[in-house]
file entry_22.txt (compact mmCIF, C-alpha atoms and all ligand atoms)
# COMPACT_ATOMS: atom_id res chain seq x y z
CA MET E 29 -144.40 -25.75 88.23
CA SER E 30 -146.45 -25.28 85.06
CA PRO E 31 -144.61 -25.00 81.77
CA GLU E 32 -144.07 -21.50 80.36
CA GLY E 33 -147.16 -19.54 79.47
CA PHE E 34 -149.53 -21.96 81.19
CA GLY E 35 -150.10 -20.21 84.50
CA MET E 36 -153.38 -18.77 83.26
CA THR E 37 -157.02 -19.66 83.61
CA SER E 38 -158.89 -21.38 80.77
CA ASP E 39 -160.64 -18.05 80.13
CA ASP E 40 -157.39 -16.51 78.86
CA TRP E 41 -157.02 -18.97 76.00
CA PRO E 42 -158.59 -18.25 72.60
CA LEU E 43 -161.92 -20.09 72.47
CA HIS E 44 -161.53 -21.23 68.86
CA GLY E 45 -158.82 -22.42 66.50
CA GLY E 46 -157.38 -20.11 63.84
CA GLN E 47 -156.53 -17.37 66.36
CA PRO E 48 -152.71 -17.20 66.42
CA GLY E 49 -152.45 -13.61 67.79
CA PRO E 50 -153.00 -14.27 71.51
CA LEU E 51 -150.79 -17.39 71.46
CA LEU E 52 -147.90 -15.68 69.67
CA ALA E 53 -148.11 -12.84 72.19
CA ARG E 54 -148.26 -15.24 75.12
CA PHE E 55 -145.11 -17.03 74.06
CA GLY E 56 -143.24 -13.85 73.10
CA LEU E 57 -143.21 -14.50 69.34
CA ALA E 58 -143.57 -11.96 66.51
CA GLU E 59 -147.21 -11.30 65.61
CA ASP E 60 -146.48 -11.59 61.87
CA MET E 61 -144.60 -14.89 62.15
CA PRO E 62 -145.48 -17.14 59.17
CA LEU E 63 -147.40 -20.15 60.44
CA LEU E 64 -148.78 -23.47 59.33
CA ASP E 65 -152.26 -23.37 60.86
CA ALA E 66 -153.16 -26.83 62.14
CA SER E 67 -155.55 -25.33 64.69
CA ALA E 68 -158.64 -24.63 62.52
CA ASN E 69 -160.52 -27.57 61.01
CA LEU E 70 -161.03 -26.52 57.39
CA ASN E 71 -160.80 -28.44 54.15
CA PRO E 72 -157.34 -27.71 52.62
CA LEU E 73 -158.79 -28.28 49.12
CA GLY E 74 -161.14 -25.34 49.33
CA PRO E 75 -162.67 -22.99 48.61
CA PRO E 76 -163.57 -24.43 45.17
CA ALA E 77 -161.43 -22.92 42.40
CA TRP E 78 -164.45 -21.37 40.63
CA LEU E 79 -165.48 -19.33 43.68
CA ALA E 80 -163.32 -16.24 43.02
CA GLY E 81 -164.71 -15.79 39.47
CA TRP E 82 -168.24 -16.53 40.65
CA LEU E 83 -168.02 -13.84 43.35
CA ALA E 84 -166.41 -11.29 41.02
CA GLN E 85 -169.22 -11.75 38.51
CA ARG E 86 -171.86 -11.14 41.18
CA LEU E 87 -170.18 -8.00 42.44
CA GLN E 88 -170.22 -6.29 39.03
CA GLY E 89 -172.59 -3.59 37.85
CA GLY E 90 -175.92 -2.26 39.06
CA ALA E 91 -177.49 -5.71 39.32
CA SER E 92 -174.84 -6.61 41.89
CA ALA E 93 -175.96 -9.23 44.41
CA VAL E 94 -174.90 -6.94 47.25
CA ALA E 95 -177.18 -4.11 46.10
CA ARG E 96 -180.45 -5.88 46.85
CA TYR E 97 -182.01 -7.75 49.74
CA PRO E 98 -181.85 -11.52 49.59
CA ASP E 99 -185.10 -13.52 49.36
CA PRO E 100 -186.11 -13.66 53.06
CA ASP E 101 -187.30 -17.26 52.60
CA TYR E 102 -184.11 -18.36 50.79
CA ARG E 103 -186.32 -20.61 48.68
CA GLU E 104 -183.70 -21.52 46.08
CA ALA E 105 -181.03 -22.39 48.65
CA ARG E 106 -183.50 -24.39 50.75
CA GLU E 107 -184.68 -26.33 47.72
CA ALA E 108 -181.10 -27.20 46.81
CA ILE E 109 -180.38 -28.40 50.37
CA ALA E 110 -183.66 -30.35 50.52
CA ALA E 111 -182.83 -32.17 47.27
CA HIS E 112 -179.31 -32.87 48.54
CA GLU E 113 -180.55 -34.25 51.88
CA GLY E 114 -183.70 -36.04 50.72
CA VAL E 115 -186.05 -33.93 52.85
CA ALA E 116 -188.77 -31.33 52.07
CA PRO E 117 -187.74 -27.65 51.67
CA GLU E 118 -190.00 -26.86 54.66
CA GLN E 119 -187.66 -28.97 56.79
CA VAL E 120 -184.68 -26.70 56.04
CA LEU E 121 -183.70 -23.44 57.73
CA LEU E 122 -180.74 -21.67 56.12
CA THR E 123 -178.42 -20.13 58.73
CA ASN E 124 -175.45 -17.81 58.97
CA GLY E 125 -173.03 -20.68 59.62
CA GLY E 126 -173.47 -23.63 61.92
CA ALA E 127 -172.88 -21.20 64.79
CA GLU E 128 -176.19 -19.41 64.14
CA ALA E 129 -177.97 -22.77 63.92
CA ILE E 130 -176.73 -23.57 67.45
CA PHE E 131 -178.02 -20.27 68.79
CA LEU E 132 -181.37 -20.73 66.99
CA ALA E 133 -181.81 -24.19 68.52
CA ALA E 134 -181.11 -22.73 71.97
CA SER E 135 -183.47 -19.82 71.28
CA LEU E 136 -186.25 -22.21 70.24
CA GLN E 137 -185.77 -24.25 73.39
CA ALA E 138 -185.72 -21.16 75.62
CA ARG E 139 -188.97 -19.86 74.11
CA GLU E 140 -190.74 -23.21 74.41
CA GLN E 141 -189.45 -24.43 77.76
CA PRO E 142 -188.02 -21.37 79.49
CA GLY E 143 -185.84 -22.19 82.45
CA ALA E 144 -185.54 -25.91 81.72
CA PRO E 145 -181.87 -26.88 81.90
CA ALA E 146 -179.84 -28.26 78.99
CA ALA E 147 -177.29 -31.07 78.94
CA ILE E 148 -174.23 -31.13 76.72
CA VAL E 149 -172.31 -34.26 75.81
CA GLY E 150 -168.69 -33.33 76.42
CA PRO E 151 -165.89 -32.67 75.96
CA THR E 152 -167.11 -30.59 73.05
CA PHE E 153 -167.48 -27.32 71.14
CA ALA E 154 -167.84 -24.27 73.41
CA GLU E 155 -170.65 -22.63 71.43
CA TYR E 156 -173.32 -25.00 72.80
CA ALA E 157 -172.84 -23.67 76.33
CA ARG E 158 -172.56 -20.09 75.02
CA GLY E 159 -175.73 -20.44 72.93
CA CYS E 160 -177.69 -21.85 75.87
CA SER E 161 -176.40 -19.27 78.29
CA ALA E 162 -177.21 -16.44 75.86
CA HIS E 163 -180.83 -17.62 75.98
CA GLY E 164 -181.01 -18.07 79.74
CA LEU E 165 -180.65 -21.87 79.74
CA SER E 166 -178.41 -23.40 82.38
CA THR E 167 -176.21 -26.23 81.16
CA ARG E 168 -174.53 -29.30 82.57
CA THR E 169 -171.82 -31.20 80.73
CA LEU E 170 -172.14 -34.97 80.68
CA SER E 171 -168.54 -35.96 80.05
CA LEU E 172 -167.52 -39.02 78.09
CA ALA E 173 -164.27 -40.58 79.24
CA PRO E 174 -161.00 -40.98 77.38
CA PRO E 175 -159.44 -42.76 75.68
CA ASP E 176 -162.41 -43.81 73.49
CA PHE E 177 -165.08 -41.27 74.60
CA ARG E 178 -167.79 -43.91 74.07
CA LEU E 179 -171.43 -42.90 74.58
CA ASP E 180 -173.75 -45.29 76.42
CA PRO E 181 -177.33 -44.08 75.71
CA GLU E 182 -178.84 -45.71 78.80
CA ALA E 183 -176.23 -44.23 81.17
CA LEU E 184 -176.43 -40.82 79.51
CA VAL E 185 -180.20 -40.58 79.71
CA ALA E 186 -180.19 -41.81 83.31
CA ASP E 187 -177.96 -38.80 84.04
CA LEU E 188 -180.15 -36.22 82.25
CA GLY E 189 -182.01 -35.12 85.35
CA ALA E 190 -184.39 -32.26 84.54
CA ALA E 191 -182.71 -31.46 81.21
CA ARG E 192 -185.14 -30.88 78.33
CA LEU E 193 -182.48 -30.24 75.71
CA LEU E 194 -179.54 -32.49 74.89
CA LEU E 195 -176.74 -31.29 72.62
CA LEU E 196 -174.48 -33.78 70.90
CA CYS E 197 -171.78 -33.25 68.27
CA ARG E 198 -171.27 -36.00 65.64
CA PRO E 199 -168.46 -36.44 64.72
CA ASN E 200 -167.41 -34.63 67.81
CA ASN E 201 -165.13 -31.63 68.03
CA PRO E 202 -162.47 -32.05 69.45
CA THR E 203 -162.34 -35.84 69.85
CA GLY E 204 -163.21 -36.79 66.23
CA THR E 205 -165.32 -39.67 67.56
CA LEU E 206 -168.58 -40.69 65.89
CA VAL E 207 -171.54 -41.93 67.91
CA PRO E 208 -172.95 -44.86 65.89
CA ARG E 209 -176.38 -44.31 64.38
CA ALA E 210 -177.81 -47.19 66.44
CA ALA E 211 -176.77 -45.39 69.63
CA VAL E 212 -178.39 -42.15 68.38
CA GLU E 213 -181.60 -44.08 67.64
CA ARG E 214 -181.62 -45.51 71.14
CA LEU E 215 -180.97 -42.05 72.54
CA LEU E 216 -183.94 -40.74 70.56
CA GLU E 217 -186.25 -43.43 71.97
CA LEU E 218 -185.14 -42.77 75.54
CA THR E 219 -185.28 -38.96 75.27
CA ALA E 220 -188.73 -39.03 73.61
CA ALA E 221 -190.05 -40.75 76.71
CA LYS E 222 -188.56 -37.92 78.83
CA GLY E 223 -189.77 -35.06 76.62
CA CYS E 224 -186.18 -34.01 75.94
CA ARG E 225 -185.26 -32.43 72.60
CA VAL E 226 -182.07 -33.72 70.94
CA VAL E 227 -179.84 -31.46 68.85
CA VAL E 228 -177.12 -33.22 66.87
CA ASP E 229 -174.51 -30.89 65.43
CA GLU E 230 -173.12 -32.47 62.27
CA ALA E 231 -170.80 -29.61 61.27
CA PHE E 232 -168.12 -32.17 60.31
CA VAL E 233 -170.41 -34.74 58.69
CA ASP E 234 -168.81 -34.28 55.25
CA PHE E 235 -165.52 -35.58 56.59
CA ILE E 236 -166.80 -38.88 57.97
CA GLY E 237 -165.97 -40.79 54.80
CA ASP E 238 -167.33 -44.32 54.34
CA ALA E 239 -170.15 -45.75 56.45
CA ARG E 240 -171.49 -42.27 57.18
CA GLU E 241 -174.65 -43.65 58.86
CA ALA E 242 -176.75 -40.60 57.94
CA LEU E 243 -179.18 -39.37 60.56
CA THR E 244 -181.42 -37.50 58.11
CA PRO E 245 -183.83 -40.46 57.67
CA LEU E 246 -184.47 -40.36 61.44
CA LEU E 247 -186.11 -36.92 61.15
CA ALA E 248 -189.32 -38.45 59.77
CA ALA E 249 -190.03 -40.46 62.93
CA HIS E 250 -188.57 -38.11 65.57
CA SER E 251 -190.02 -34.63 65.85
CA HIS E 252 -187.74 -33.92 68.83
CA LEU E 253 -184.60 -34.28 66.67
CA LEU E 254 -182.78 -31.28 65.15
CA LEU E 255 -179.75 -31.68 62.90
CA LEU E 256 -177.31 -28.79 62.49
CA ARG E 257 -174.94 -28.43 59.57
CA SER E 258 -172.13 -26.19 58.44
CA LEU E 259 -170.99 -25.58 54.87
CA THR E 260 -168.09 -23.42 56.02
CA LYS E 261 -165.88 -26.36 57.04
CA VAL E 262 -166.04 -28.54 53.97
CA TYR E 263 -166.04 -25.70 51.41
CA THR E 264 -163.57 -23.54 53.42
CA LEU E 265 -165.87 -20.52 53.67
CA PRO E 266 -165.55 -19.46 57.31
CA GLY E 267 -165.46 -15.82 56.24
CA LEU E 268 -168.61 -16.07 54.10
CA ARG E 269 -170.61 -18.18 56.63
CA LEU E 270 -173.19 -20.82 55.65
CA GLY E 271 -175.04 -23.46 57.58
CA TYR E 272 -178.49 -24.97 58.02
CA LEU E 273 -180.82 -26.63 60.44
CA LEU E 274 -182.96 -29.68 59.59
CA ALA E 275 -186.01 -30.79 61.56
CA ASP E 276 -189.70 -31.49 61.00
CA SER E 277 -191.44 -28.62 59.23
CA GLU E 278 -193.28 -27.28 62.30
CA THR E 279 -190.10 -27.19 64.35
CA VAL E 280 -188.30 -25.42 61.51
CA GLN E 281 -191.04 -22.81 61.36
CA ARG E 282 -190.79 -22.17 65.09
CA ALA E 283 -187.00 -22.04 64.99
CA ALA E 284 -187.19 -19.56 62.08
CA ALA E 285 -189.26 -17.22 64.26
CA GLY E 286 -186.11 -16.58 66.32
CA GLN E 287 -183.97 -15.65 63.31
CA PRO E 288 -183.47 -12.03 62.22
CA ALA E 289 -184.68 -11.29 58.68
CA TRP E 290 -181.98 -11.64 55.98
CA SER E 291 -179.59 -13.25 58.44
CA VAL E 292 -177.73 -15.00 55.61
CA ASN E 293 -176.21 -12.63 53.07
CA GLY E 294 -177.34 -12.85 49.45
CA LEU E 295 -173.98 -13.97 48.10
CA ALA E 296 -173.71 -16.87 50.52
CA ALA E 297 -177.34 -17.88 49.89
CA ALA E 298 -176.84 -17.87 46.11
CA LEU E 299 -173.76 -20.05 46.56
CA VAL E 300 -175.58 -22.98 48.13
CA ALA E 301 -176.87 -24.58 44.91
CA PRO E 302 -173.57 -24.42 42.96
CA LEU E 303 -171.61 -25.68 45.97
CA LEU E 304 -173.84 -28.72 46.45
CA ALA E 305 -173.80 -29.40 42.71
CA ASP E 306 -169.98 -29.55 42.60
CA ARG E 307 -169.57 -33.32 42.77
CA GLY E 308 -165.97 -33.10 41.59
CA PHE E 309 -165.06 -31.11 44.69
CA ALA E 310 -166.79 -33.68 46.91
CA ARG E 311 -164.92 -36.52 45.17
CA ARG E 312 -161.56 -34.78 45.57
CA THR E 313 -162.34 -34.21 49.25
CA GLU E 314 -163.14 -37.90 49.71
CA ALA E 315 -159.92 -38.94 47.95
CA TRP E 316 -157.86 -36.57 50.12
CA LEU E 317 -159.46 -37.94 53.30
CA ALA E 318 -158.96 -41.56 52.26
CA ALA E 319 -155.27 -40.95 51.59
CA GLU E 320 -154.25 -38.44 54.25
CA ARG E 321 -156.28 -39.35 57.35
CA PRO E 322 -154.77 -42.83 57.81
CA ARG E 323 -151.34 -41.55 56.81
CA LEU E 324 -151.32 -38.75 59.41
CA ALA E 325 -152.72 -41.07 62.10
CA ALA E 326 -149.98 -43.63 61.40
CA GLY E 327 -147.31 -40.90 61.38
CA LEU E 328 -148.48 -39.50 64.72
CA ARG E 329 -148.56 -42.96 66.30
CA ALA E 330 -145.10 -43.72 64.92
CA LEU E 331 -143.88 -40.66 66.84
CA GLY E 332 -145.17 -42.26 70.03
CA LEU E 333 -148.24 -40.05 70.51
CA GLU E 334 -151.57 -41.42 71.71
CA VAL E 335 -154.13 -40.71 68.97
CA VAL E 336 -157.92 -40.97 69.37
CA PRO E 337 -159.32 -42.75 66.27
CA SER E 338 -161.00 -39.99 64.27
CA ARG E 339 -163.92 -39.83 61.81
CA ALA E 340 -163.33 -36.12 61.26
CA ASN E 341 -160.66 -33.90 59.71
CA PHE E 342 -158.65 -33.55 62.92
CA PHE E 343 -157.02 -35.69 65.58
CA LEU E 344 -157.00 -35.44 69.34
CA VAL E 345 -153.58 -36.51 70.61
CA ARG E 346 -151.58 -36.59 73.79
CA HIS E 347 -148.03 -37.29 74.88
CA PRO E 348 -147.76 -40.63 76.72
CA ALA E 349 -145.85 -38.88 79.53
CA GLY E 350 -148.99 -36.93 80.47
CA GLN E 351 -150.52 -33.49 80.66
CA GLU E 352 -147.45 -31.32 81.17
CA ALA E 353 -145.50 -33.07 78.42
CA THR E 354 -148.49 -32.57 76.09
CA ARG E 355 -148.87 -28.91 77.05
CA ALA E 356 -145.20 -28.23 76.40
CA LEU E 357 -145.62 -29.31 72.78
CA LEU E 358 -147.75 -26.28 71.89
CA PRO E 359 -145.13 -23.51 72.41
CA ALA E 360 -142.39 -25.78 71.04
CA LEU E 361 -144.39 -26.29 67.82
CA LEU E 362 -145.30 -22.61 67.63
CA ARG E 363 -141.60 -21.72 67.70
CA ARG E 364 -141.16 -24.01 64.72
CA GLY E 365 -143.97 -22.18 62.90
CA VAL E 366 -146.80 -24.67 63.53
CA LEU E 367 -150.00 -23.61 65.30
CA VAL E 368 -152.04 -26.39 66.93
CA ARG E 369 -155.22 -26.20 69.01
CA HIS E 370 -154.91 -26.23 72.79
CA THR E 371 -157.60 -27.95 74.86
CA GLU E 372 -157.46 -25.68 77.92
CA SER E 373 -161.02 -24.51 77.26
CA PHE E 374 -162.55 -27.99 76.84
CA ALA E 375 -163.96 -29.10 80.21
CA GLY E 376 -162.75 -32.64 80.84
CA LEU E 377 -159.61 -32.28 78.71
CA ASP E 378 -158.07 -29.37 80.61
CA GLY E 379 -155.07 -28.92 78.39
CA GLY E 380 -154.00 -32.55 78.58
CA TRP E 381 -154.56 -33.08 74.84
CA LEU E 382 -153.92 -31.21 71.59
CA ARG E 383 -156.11 -31.10 68.49
CA LEU E 384 -154.33 -31.31 65.15
CA ALA E 385 -156.08 -30.44 61.89
CA LEU E 386 -155.66 -32.73 58.91
CA GLY E 387 -154.05 -30.74 56.11
CA ASP E 388 -152.95 -31.54 52.59
CA ALA E 389 -150.00 -33.91 52.10
CA ALA E 390 -147.39 -31.13 52.35
CA ALA E 391 -148.93 -29.65 55.50
CA ASN E 392 -149.18 -33.06 57.15
CA ASP E 393 -145.53 -33.75 56.33
CA ARG E 394 -144.58 -30.42 57.86
CA LEU E 395 -146.63 -31.09 60.97
CA LEU E 396 -145.06 -34.54 61.41
CA ALA E 397 -141.55 -33.17 60.87
CA ALA E 398 -142.08 -30.38 63.43
CA LEU E 399 -143.54 -32.84 65.94
CA GLY E 400 -140.71 -35.29 65.31
CA HIS E 401 -138.23 -32.53 66.01
CA VAL E 402 -139.78 -31.30 69.26
CA LEU E 403 -140.42 -34.82 70.55
CA GLN E 404 -136.79 -35.71 69.86
CA GLN E 405 -135.70 -32.63 71.80
CA ARG E 406 -137.83 -33.65 74.76
CA LYS E 407 -136.31 -37.13 75.02
CA PRO E 408 -134.30 -37.53 78.24
CA GLU E 409 -130.52 -37.42 77.72
CA PRO E 410 -129.16 -40.97 77.51
CA LYS E 411 -126.93 -41.68 80.53
CA LYS E 412 -123.27 -41.26 79.60
CA GLY E 413 -120.94 -44.21 80.15
CA ARG E 414 -118.08 -43.71 82.62
CA VAL E 415 -115.07 -42.02 81.00
CA ARG E 416 -111.86 -43.75 81.80
C1 LIG F 1 -168.79 -28.53 66.13
C2 LIG F 1 -168.93 -27.23 65.45
N1 LIG F 1 -170.16 -26.81 65.10
C3 LIG F 1 -170.35 -25.64 64.49
C4 LIG F 1 -169.28 -24.82 64.18
C5 LIG F 1 -169.56 -23.51 63.54
O1 LIG F 1 -169.35 -23.57 62.19
P1 LIG F 1 -169.63 -22.34 61.25
O2 LIG F 1 -168.33 -21.75 60.89
O3 LIG F 1 -170.39 -22.91 60.11
O4 LIG F 1 -170.47 -21.37 62.04
C6 LIG F 1 -167.99 -25.22 64.51
C7 LIG F 1 -166.84 -24.35 64.18
O5 LIG F 1 -165.73 -24.58 64.60
C8 LIG F 1 -167.81 -26.45 65.16
O6 LIG F 1 -166.60 -26.88 65.51
call {"tool": "encode", "arguments": {"input": "entry_22.txt", "output": "structure tokens"}}
result
Amino acid sequence: MSPEGFGMTSDDWPLHGGQPGPLLARFGLAEDMPLLDASANLNPLGPPAWLAGWLAQRLQGGASAVARYPDPDYREAREAIAAHEGVAPEQVLLTNGGAEAIFLAASLQAREQPGAPAAIVGPTFAEYARGCSAHGLSTRTLSLAPPDFRLDPEALVADLGAARLLLLCRPNNPTGTLVPRAAVERLLELTAAKGCRVVVDEAFVDFIGDAREALTPLLAAHSHLLLLRSLTKVYTLPGLRLGYLLADSETVQRAAAGQPAWSVNGLAAALVAPLLADRGFARRTEAWLAAERPRLAAGLRALGLEVVPSRANFFLVRHPAGQEATRALLPALLRRGVLVRHTESFAGLDGGWLRLALGDAAANDRLLAALGHVLQQRKPEPKKGRVR
């Protein structure tokens, strides 16, 4: 028998983290229950402290940033990103979050090679399949296997079939694994020979930490490579939305043709330069990662959980007793006020893992304490000695 609340199809589960409502309802809990949200992968240090004042200033008076159209070319924002990435402004397309960048890449592909199928390296973020399907592209998931989810470029490309678009997430959501740059380079050589475009979503690139192995220098030699970025994760702006796409300038121009005018709001666009200039925020983020990521990983392992080594701000974990024991942790944690991310909607994981967001020190302590409690409760009763 499945544990409580699990007799549903994967379609019934919320598709993204940060959506407590349906889960609270499913497990019969109050909708306004206070929760620690370890289900959405955002930087606990953000948004930067200056943001509230910055926004307030731009909302004042007749010259308010909301009372005029943004520059449709977003020149200032693109120049700031180009300087930050070491590319030309023509290689940058500003987008309404990384999510729009995914849909624009799919739209570009659908216009240029209509009907050609796409391949997605899984298990991964659901928006790649949604973006492709919205543009009439069929998709096939090429699943990497646990526990290390290692990518072998030769094997992957041999399995591409007729695919003319390959989508890869690096570091990957939800595994946290990072395909080494050398493997991406090999993938680019092999896919060039097949005429297959490669889209690498680097929404979590700012959380990699040391040895980041940037892919940006590869753009110069590989016109079939597109890099997608999100600024909403690292600066904690999911409600404002900011992202961008990097590619060679011709590809960027063609991708831009699929984007509605003024897709990025003027406030978000004006924010790009000050965000990227805030080196103090980046340094604090790096210090938090260096301290908390190994500490949470060690804490989770000490509780007996299997933890996939992560280069992102989240961990994929499972209970050593298997899928049902792992699944049962979610409602047990929710009852203790901790929301974690299910994996029911990730093909290949099928609920047998949980994704836990890395929080600040206090949040990580609370997560570990709640997990310690529910794991202790699940331990089998020790056999009682005979009573004389
Ligand atoms: C891998 C990946 N790419 C892109 C996005 C979308 O990010 P944004 O909020 O910038 O649209 C997400 C959000 O969860 C994600 O996990």
call {"tool": "axis_aligned_box", "arguments": {"input": "entry_22.txt", "around": "stretch 351-354 of chain E", "padding_each_side": "8 Å", "output": "AutoDock Vina command-line options"}}
result
--center_x -148.0 --center_y -32.4 --center_z 78.6 --size_x 21.0 --size_y 18.2 --size_z 21.1
call {"tool": "residues_around", "arguments": {"input": "entry_22.txt", "residues": "E:Ala349", "least_positions_apart": "3", "cutoff": "12 Å", "atoms": "all atoms listed in the file", "output": "VMD selection string"}}
result
chain E and resid 332 to 334 346 352 to 357 380 to 381 403 406 to 408
call {"tool": "closest_residue", "arguments": {"input": "entry_22.txt", "among": "E:Glu118, E:Ala210, E:Gly45, E:Arg321", "to": "E:Asp65", "atoms": "all atoms listed in the file"}}
result
E:Gly45
call {"tool": "residues_near_ligand", "arguments": {"input": "entry_22.txt", "ligand": "ligand LIG 1 (chain F)", "cutoff": "8 Å", "atoms": "all atoms listed in the file", "output": "count of residues only"}}
result
34
call {"tool": "closest_residue", "arguments": {"input": "entry_22.txt", "among": "E:Leu73, E:Val280, E:Leu399, E:Ala319", "to": "E:Leu331", "atoms": "only C-alpha atoms"}}
result
E:Leu399
call {"tool": "residues_near_point", "arguments": {"input": "entry_22.txt", "point": "(-146.0, -36.6, 61.0)", "cutoff": "7 Å", "atoms": "all atoms listed in the file", "output": "VMD selection string"}}
result
chain E and resid 324 327 to 328 392 to 393 395 to 397 399 to 400
call {"tool": "atom_distance", "arguments": {"input": "entry_22.txt", "atom1": "atom CA of E:Leu317", "atom2": "atom CA of E:Leu384"}}
result
14.5 Å
call {"tool": "closest_residue", "arguments": {"input": "entry_22.txt", "among": "E:Ala134, E:Val368, E:Leu194, E:Leu253", "to": "E:Leu274", "atoms": "all atoms listed in the file"}}
result
E:Leu253
call {"tool": "atom_distance", "arguments": {"input": "entry_22.txt", "atom1": "atom CA of E:Val402", "atom2": "atom CA of E:Pro48"}}
result
19.3 Å
call {"tool": "atom_distance", "arguments": {"input": "entry_22.txt", "atom1": "atom CA of E:Gly74", "atom2": "atom CA of E:Thr264"}}
result
5.1 Å
call {"tool": "residues_around", "arguments": {"input": "entry_22.txt", "residues": "E:Ile148", "least_positions_apart": "6", "cutoff": "10 Å", "atoms": "all atoms listed in the file", "output": "mmCIF file with C-alpha atoms, keeping the file's coordinate frame"}}
result
data_model
loop_
_atom_site.group_PDB
_atom_site.id
_atom_site.type_symbol
_atom_site.label_atom_id
_atom_site.label_comp_id
_atom_site.auth_asym_id
_atom_site.auth_seq_id
_atom_site.Cartn_x
_atom_site.Cartn_y
_atom_site.Cartn_z
ATOM 1 C CA ALA E 154 -167.840 -24.270 73.410
ATOM 2 C CA TYR E 156 -173.320 -25.000 72.800
ATOM 3 C CA ALA E 157 -172.840 -23.670 76.330
ATOM 4 C CA CYS E 160 -177.690 -21.850 75.870
ATOM 5 C CA THR E 167 -176.210 -26.230 81.160
ATOM 6 C CA ARG E 168 -174.530 -29.300 82.570
ATOM 7 C CA THR E 169 -171.820 -31.200 80.730
ATOM 8 C CA LEU E 170 -172.140 -34.970 80.680
ATOM 9 C CA SER E 171 -168.540 -35.960 80.050
ATOM 10 C CA LEU E 188 -180.150 -36.220 82.250
ATOM 11 C CA ALA E 191 -182.710 -31.460 81.210
ATOM 12 C CA LEU E 193 -182.480 -30.240 75.710
ATOM 13 C CA LEU E 194 -179.540 -32.490 74.890
ATOM 14 C CA LEU E 195 -176.740 -31.290 72.620
ATOM 15 C CA LEU E 196 -174.480 -33.780 70.900
ATOM 16 C CA CYS E 197 -171.780 -33.250 68.270
ATOM 17 C CA VAL E 227 -179.840 -31.460 68.850
#
call {"tool": "closest_residue", "arguments": {"input": "entry_22.txt", "among": "E:Ala326, E:Leu64, E:Leu304, E:Ala116", "to": "E:Ala398", "atoms": "only C-alpha atoms"}}
result
E:Leu64
call {"tool": "residues_near_point", "arguments": {"input": "entry_22.txt", "point": "(-183.7, -22.8, 78.7)", "cutoff": "9 Å", "atoms": "all atoms listed in the file", "output": "MDAnalysis selection string"}}
result
chainID E and resid 134:146 160:161 163:167 192:193
call {"tool": "residues_around", "arguments": {"input": "entry_22.txt", "residues": "E:Pro199", "least_positions_apart": "3", "cutoff": "7 Å", "atoms": "all atoms listed in the file", "output": "ChimeraX atom specification"}}
result
/E:204-206,230,232-233,339-340
call {"tool": "residues_around", "arguments": {"input": "entry_22.txt", "residues": "E:Pro302", "least_positions_apart": "5", "cutoff": "10 Å", "atoms": "all atoms listed in the file", "output": "PyMOL selection string"}}
result
chain E and resi 78-79+82+105+108+307
call {"tool": "closest_residue", "arguments": {"input": "entry_22.txt", "among": "E:Leu255, E:Thr203, E:Gly387, E:Asp180", "to": "E:Val228", "atoms": "all atoms listed in the file"}}
result
E:Leu255
call {"tool": "closest_residue", "arguments": {"input": "entry_22.txt", "among": "E:His112, E:Arg214, E:Asp234, E:Ala390", "to": "E:Leu184", "atoms": "all atoms listed in the file"}}
result
E:Arg214
